[in-house]
Amino acid sequence: GAVVSQHPSWVICKSGTSVKIECRSLDFQATTMFWYRQFPKQSLMLMATSNEGSKATYEQGVEKDKFLINHASLTLSTLTVTSAHPEDSSFYICSARDGAGAGHEQFFGPGTRLTVL
Amino acid sequence: AQSVAQPEDQVNVAEGNPLTVKCTYSVSGNPYLFWYVQYPNRGLQFLLKYITGDNLVKGSYGFEAEFNKSQTSFHLKKPSALVSDSALYFCAVRDLLTDSWGKLQFGAGTQVVVTP
């Protein structure tokens, strides 16, 4: 149980294009999802917290118009990197909390490697 | 605000020897503490957590951790390391006093290298 998927697992795009990454909780309802960014050999940097049916809350320094987050259902959140540039190249990881469970831990997706040329 | 410190960038251990990965934390209220492991180009896998109760917590793959309130530590341990334990380990904390959404603060990570 508690499986989170991400799609795509990797994507290469040209500078200036937009890329959408999907995060799905497969066997539980996720009232809250989180989006992280990770640079090589570094820790996870929380970008935003996404609650179903409401606007995402972005961490300081994260551009909300650059990284659009939509949490339209209890099992799906999407991150769209708009007008991507090479500096947006990174490993993006989502996680989800089981709204019905009392476990408190986050379950992580396998990550999406974004490379912007 | 909460913070997590993992003082070692890398821990080297021979297979079969005990493994310890250190973590200390700072929170305003009571902490929820977690350990995760990450293999190359993968997401994080949950190992164990401390919420309340017994200070010694047992988790997946033979790992355990001890919550020490006086030392504000939550070190991860395994009695006998395997080569397959080589990975990046993250300690994380949630501060119940300041967060209602379940946000986690992660440490910088510790690379564990287990040699045959």
# chains A, B, ... in the order shown; residues from 1 in each chain; ligands from 1
call {"tool": "closest_atom_pairs", "arguments": {"of": "chain A", "to": "chain B", "cutoff": "8 Å", "atoms": "only C-alpha atoms", "output": "JSON lines"}}
result
{"residue": "A:Thr32", "atom": "CA", "partner": "B:Trp101", "partner_atom": "CA", "distance": 7.2}
{"residue": "A:Gln42", "atom": "CA", "partner": "B:Ala108", "partner_atom": "CA", "distance": 6.4}
{"residue": "A:Ser43", "atom": "CA", "partner": "B:Ala108", "partner_atom": "CA", "distance": 4.8}
{"residue": "A:Leu44", "atom": "CA", "partner": "B:Phe106", "partner_atom": "CA", "distance": 6.8}
{"residue": "A:Thr49", "atom": "CA", "partner": "B:Lys103", "partner_atom": "CA", "distance": 7.8}
{"residue": "A:Ile93", "atom": "CA", "partner": "B:Gly43", "partner_atom": "CA", "distance": 6.6}
{"residue": "A:Arg97", "atom": "CA", "partner": "B:Gly102", "partner_atom": "CA", "distance": 7.7}
{"residue": "A:His104", "atom": "CA", "partner": "B:Gly102", "partner_atom": "CA", "distance": 6.9}
{"residue": "A:Glu105", "atom": "CA", "partner": "B:Phe34", "partner_atom": "CA", "distance": 7.5}
{"residue": "A:Gln106", "atom": "CA", "partner": "B:Phe46", "partner_atom": "CA", "distance": 7.9}
{"residue": "A:Phe107", "atom": "CA", "partner": "B:Phe46", "partner_atom": "CA", "distance": 7.1}
{"residue": "A:Phe108", "atom": "CA", "partner": "B:Leu44", "partner_atom": "CA", "distance": 5.6}
{"residue": "A:Gly109", "atom": "CA", "partner": "B:Gly43", "partner_atom": "CA", "distance": 5.5}
{"residue": "A:Pro110", "atom": "CA", "partner": "B:Gly43", "partner_atom": "CA", "distance": 4.0}
{"residue": "A:Gly111", "atom": "CA", "partner": "B:Gly43", "partner_atom": "CA", "distance": 5.3}
call {"tool": "write_last_selection", "arguments": {"atoms": "N, CA and C atoms", "output": "tab-separated table (two decimals), in the first residue's frame"}}
result
chain	number	residue	atom	x	y	z
A	32	THR	N	-3.12	16.08	1.07
A	32	THR	CA	-1.99	17.00	0.94
A	32	THR	C	-0.88	16.35	0.14
A	42	GLN	N	22.40	16.53	-3.10
A	42	GLN	CA	21.91	17.50	-2.13
A	42	GLN	C	20.57	17.04	-1.56
A	43	SER	N	20.15	17.76	-0.54
A	43	SER	CA	18.90	17.41	0.12
A	43	SER	C	17.70	17.87	-0.71
A	44	LEU	N	16.53	17.53	-0.23
A	44	LEU	CA	15.31	17.95	-0.90
A	44	LEU	C	14.94	19.37	-0.48
A	49	THR	N	3.35	23.24	-1.02
A	49	THR	CA	2.42	22.31	-0.40
A	49	THR	C	1.09	22.46	-1.12
A	93	ILE	N	10.59	15.75	-7.19
A	93	ILE	CA	9.98	14.65	-6.46
A	93	ILE	C	8.71	15.13	-5.78
A	97	ARG	N	0.55	12.68	1.59
A	97	ARG	CA	0.14	12.19	2.91
A	97	ARG	C	-1.21	11.54	2.79
A	104	HIS	N	1.31	9.83	9.54
A	104	HIS	CA	2.05	11.07	9.53
A	104	HIS	C	3.20	11.11	8.53
A	105	GLU	N	3.66	9.95	8.05
A	105	GLU	CA	4.78	10.01	7.12
A	105	GLU	C	4.30	10.39	5.73
A	106	GLN	N	5.23	10.88	4.94
A	106	GLN	CA	4.97	11.17	3.55
A	106	GLN	C	5.46	10.00	2.71
A	107	PHE	N	4.72	9.71	1.65
A	107	PHE	CA	5.11	8.67	0.71
A	107	PHE	C	5.54	9.35	-0.59
A	108	PHE	N	6.71	8.96	-1.06
A	108	PHE	CA	7.33	9.67	-2.16
A	108	PHE	C	7.17	8.96	-3.49
A	109	GLY	N	7.04	9.77	-4.53
A	109	GLY	CA	7.09	9.24	-5.87
A	109	GLY	C	8.53	8.96	-6.28
A	110	PRO	N	8.73	8.30	-7.41
A	110	PRO	CA	10.07	7.93	-7.85
A	110	PRO	C	10.87	9.08	-8.43
A	111	GLY	N	10.24	10.24	-8.64
A	111	GLY	CA	10.96	11.39	-9.14
A	111	GLY	C	10.88	11.54	-10.65
call {"tool": "residues_around", "arguments": {"residues": "Thr24 of chain B", "least_positions_apart": "5", "cutoff": "10 Å", "atoms": "only C-alpha atoms", "output": "PyMOL selection string"}}
result
chain B and resi 3-7+67-69+71-75+91-93+107
call {"tool": "write_last_selection", "arguments": {"atoms": "C-alpha atoms", "output": "short mmCIF file (atom, residue, chain, number, x, y, z; two decimals), in the first residue's frame"}}
result
data_model
loop_
_atom_site.label_atom_id
_atom_site.label_comp_id
_atom_site.auth_asym_id
_atom_site.auth_seq_id
_atom_site.Cartn_x
_atom_site.Cartn_y
_atom_site.Cartn_z
CA SER B 3 15.91 22.19 11.65
CA VAL B 4 17.76 18.93 11.20
CA ALA B 5 21.48 18.31 11.25
CA GLN B 6 23.24 15.29 9.81
CA PRO B 7 26.85 15.97 10.76
CA PHE B 67 14.80 8.96 20.12
CA ASN B 68 16.78 10.84 22.76
CA LYS B 69 14.93 13.90 23.94
CA GLN B 71 20.22 15.11 23.40
CA THR B 72 17.68 16.00 20.71
CA SER B 73 18.97 13.12 18.63
CA PHE B 74 17.46 10.39 16.48
CA HIS B 75 20.37 8.27 15.26
CA CYS B 91 16.59 12.37 8.56
CA ALA B 92 13.47 14.55 8.70
CA VAL B 93 11.46 16.31 11.39
CA GLY B 107 18.65 17.05 6.82
#
call {"tool": "residues_around", "arguments": {"residues": "segment 64-79 of chain A", "least_positions_apart": "3", "cutoff": "10 Å", "atoms": "only C-alpha atoms", "output": "PyMOL selection string"}}
result
chain A and resi 4-7+18-35+47-61+82-84+88+92+94-96+98-99
call {"tool": "select_by_dssp", "arguments": {"residues": "segment 28-63 of chain A", "states": "strand (DSSP E)", "output": "PyMOL selection string"}}
result
chain A and resi 30-38+44-51+57-58
call {"tool": "residues_around", "arguments": {"residues": "Lys78 of chain B", "least_positions_apart": "4", "cutoff": "6 Å", "atoms": "only C-alpha atoms", "output": "list in words"}}
result
Pro18, Leu19 and Phe63 of chain B
call {"tool": "closest_residue", "arguments": {"among": "B:Val113, B:Ala65, B:Val57, B:Val37", "to": "Lys77 of chain B", "atoms": "only C-alpha atoms"}}
result
B:Ala65
call {"tool": "atom_distance", "arguments": {"atom1": "atom CA of Gln2 of chain B", "atom2": "atom CA of Asp95 of chain B"}}
result
6.2 Å
call {"tool": "residues_around", "arguments": {"residues": "Ala1 of chain B", "least_positions_apart": "4", "cutoff": "9 Å", "atoms": "only C-alpha atoms", "output": "PyMOL selection string"}}
result
chain B and resi 26-28+95+98
call {"tool": "closest_residue", "arguments": {"among": "A:Ser90, A:Thr112, A:Leu117, A:His85", "to": "Lys41 of chain A", "atoms": "only C-alpha atoms"}}
result
A:Ser90
